[in-house]
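Enquirer: The structure follows.
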Amino acid sequence: MAGGTKRLPRAVREQQMLDAAVKVFSENGYREASMDSIAAEAEISKPMLYLYYGSKDELFSACIERESTRFIEAMSVGFDPSLRQRDQARTVVKEFLRFVDEHRQSWKVLYRVAVGTQTFSHFVSDSRKRVTEMVTELIRAGTTVEGARDIDFELTAVALVGAGEAVADRITEGDVDLETATDLLVGITWRGLKGVGSTDPGAD
């Protein structure tokens, strides 16, 4: 309970608060989430919550920073130059969707709550940009089509990241399981990778 919490190391207490905040923000959105409800979820007093995070804006920023860092780290697992391109593509897709499946509240906070809040939407843009850059380099490294341009790599990556976000939303809603979603997105990704630089719409 809020008034009788035992003493914990500061770092542990901070993570406890952030875990509670992510849960409350994901369920209620930014505007409707209150510091009272977050403190109650974390089983601490509201004054203690304000001691660590001086405002709801500061707390939400800390949530976004932590969750986006976790997301990028999960994505980075797939970028292994020793893998064949198709295996690498599957690893990237699997780690991306695994993160969403295992951290559904994080995904909702990052790509639904934050993106709809003008003050914090740039955090999502920055995270999406970093992921898109990763995918661009994956495509560039594995493309053997002559004449492929930087814009071909970049736009293909943008399209694939957009498709990934759409599939991720279906996972968070429980509409599709992880393996089915992975197979679907790998198929889309692989067709996209093979088609980079092609001017023939029927190219296989």
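Naming scheme: A, B, ... for chains in displayed order of the structure tokens; residues 1 onward per chain; ligands 1 onward as shown.
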Residues near stretch 158-164 of chain A, anyone? I mean within 7 Å using only C-alpha atoms, not counting same-chain ones fewer than 4 positions away, as a PyMOL selection string.
Expert: chain A and resi 132+154+168+185+189
Enquirer: Find the residues around A:Thr119 up to 12 Å (only C-alpha atoms counted), leave out those fewer than 5 positions away in its own chain, and share them as a PyMOL selection string.
Expert: chain A and resi 30-31+57-58+60-61+64+113-114+124-125
Enquirer: Within 9 Å of A:Asp36, counting only C-alpha atoms, which residues qualify if same-chain residues fewer than 5 places away don't, as an MDAnalysis selection string?
Expert: chainID A and resid 41 45:46
Enquirer: I'd like the neighbourhood of A:Ser76 as number ranges by chain, where a residue qualifies if any of its atoms comes within 10 Å (using only C-alpha atoms), though same-chain residues fewer than 2 positions away should be ignored.
Expert: A: 70-74, 78-80, 91-92, 95-96, 131, 134
Enquirer: Among stretch 85-152 of chain A, which residues carry a DSSP assignment of alpha helix (DSSP H), reported as number ranges by chain?
Expert: A: 85-102, 104-108, 121-142, 150-152
Enquirer: What's around A:Leu59 at 12 Å? Count only C-alpha atoms, leave out sequence neighbours fewer than 2 positions away in its own chain, and write the answer as a PDB file with C-alpha atoms, in the first residue's frame.
Expert:
ATOM      1  CA  GLU A  14      12.361   4.103 -10.292  1.00  0.00           C
ATOM      2  CA  GLN A  15      11.745   1.029 -12.434  1.00  0.00           C
ATOM      3  CA  MET A  17       7.298   3.600 -10.917  1.00  0.00           C
ATOM      4  CA  LEU A  18       7.965   3.413 -14.641  1.00  0.00           C
ATOM      5  CA  ASP A  19       6.366  -0.044 -14.871  1.00  0.00           C
ATOM      6  CA  ALA A  20       3.258   1.304 -13.154  1.00  0.00           C
ATOM      7  CA  ALA A  21       3.201   4.420 -15.328  1.00  0.00           C
ATOM      8  CA  VAL A  22       3.482   2.415 -18.568  1.00  0.00           C
ATOM      9  CA  VAL A  24      -1.648   3.231 -16.548  1.00  0.00           C
ATOM     10  CA  PHE A  25      -0.742   5.277 -19.632  1.00  0.00           C
ATOM     11  CA  TYR A  30      -1.923  10.389 -21.478  1.00  0.00           C
ATOM     12  CA  ALA A  33      -3.904   9.016 -16.638  1.00  0.00           C
ATOM     13  CA  SER A  34      -3.389  10.656 -13.251  1.00  0.00           C
ATOM     14  CA  MET A  35      -0.437  10.752 -10.917  1.00  0.00           C
ATOM     15  CA  ILE A  38       0.068   5.775 -11.131  1.00  0.00           C
ATOM     16  CA  ALA A  39       1.135   6.116  -7.490  1.00  0.00           C
ATOM     17  CA  LEU A  49       6.193   9.837  -7.061  1.00  0.00           C
ATOM     18  CA  TYR A  50       6.601  13.600  -7.417  1.00  0.00           C
ATOM     19  CA  LEU A  51       9.915  13.397  -5.588  1.00  0.00           C
ATOM     20  CA  TYR A  52      11.279  11.152  -8.328  1.00  0.00           C
ATOM     21  CA  TYR A  53       9.368  12.680 -11.251  1.00  0.00           C
ATOM     22  CA  GLY A  54       8.345  16.299 -10.801  1.00  0.00           C
ATOM     23  CA  SER A  55       5.414  16.225 -13.217  1.00  0.00           C
ATOM     24  CA  LYS A  56       3.341  13.924 -15.375  1.00  0.00           C
ATOM     25  CA  ASP A  57       5.204  15.228 -18.426  1.00  0.00           C
ATOM     26  CA  SER A  61       9.091  11.317 -20.998  1.00  0.00           C
ATOM     27  CA  ALA A  62      10.983   8.836 -18.820  1.00  0.00           C
ATOM     28  CA  CYS A  63       8.591   6.065 -19.890  1.00  0.00           C
ATOM     29  CA  ILE A  64       9.050   6.880 -23.564  1.00  0.00           C
ATOM     30  CA  GLU A  65      12.826   7.020 -23.243  1.00  0.00           C
ATOM     31  CA  ARG A  66      13.036   3.660 -21.458  1.00  0.00           C
ATOM     32  CA  PHE A 120       5.827  13.709 -27.225  1.00  0.00           C
TER      33      PHE A 120
END
Enquirer: List the spatial neighbours of A:Lys94 as a list in words - criterion: any atom at most 10 Å away, only C-alpha atoms, same-chain residues fewer than 3 positions off excluded.
Expert: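 Listed by chain and then number, they are Ala74, Met75, Val77, Gly78, Gln88, Ala89, Arg90, Thr91, Leu97, Arg98, Phe99, Val100, Leu178, Glu179, Ala181, Thr182, Asp183, Leu185 and Val186 of chain A.
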Enquirer: Any idea what the distance is between atom CA of A:Arg10 and atom CA of A:Phe123?
Expert: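 If I compute the distance from atom CA of A:Arg10 to atom CA of A:Phe123, I get 25.5 Å.
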Enquirer: So, with only C-alpha atoms as the atoms that count, which of A:Glu146, A:Asp175, A:Asp169, A:Asp126 lies closest to A:His103?
Expert: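 The shortest atom-to-atom distance to A:His103 comes from A:Asp169.
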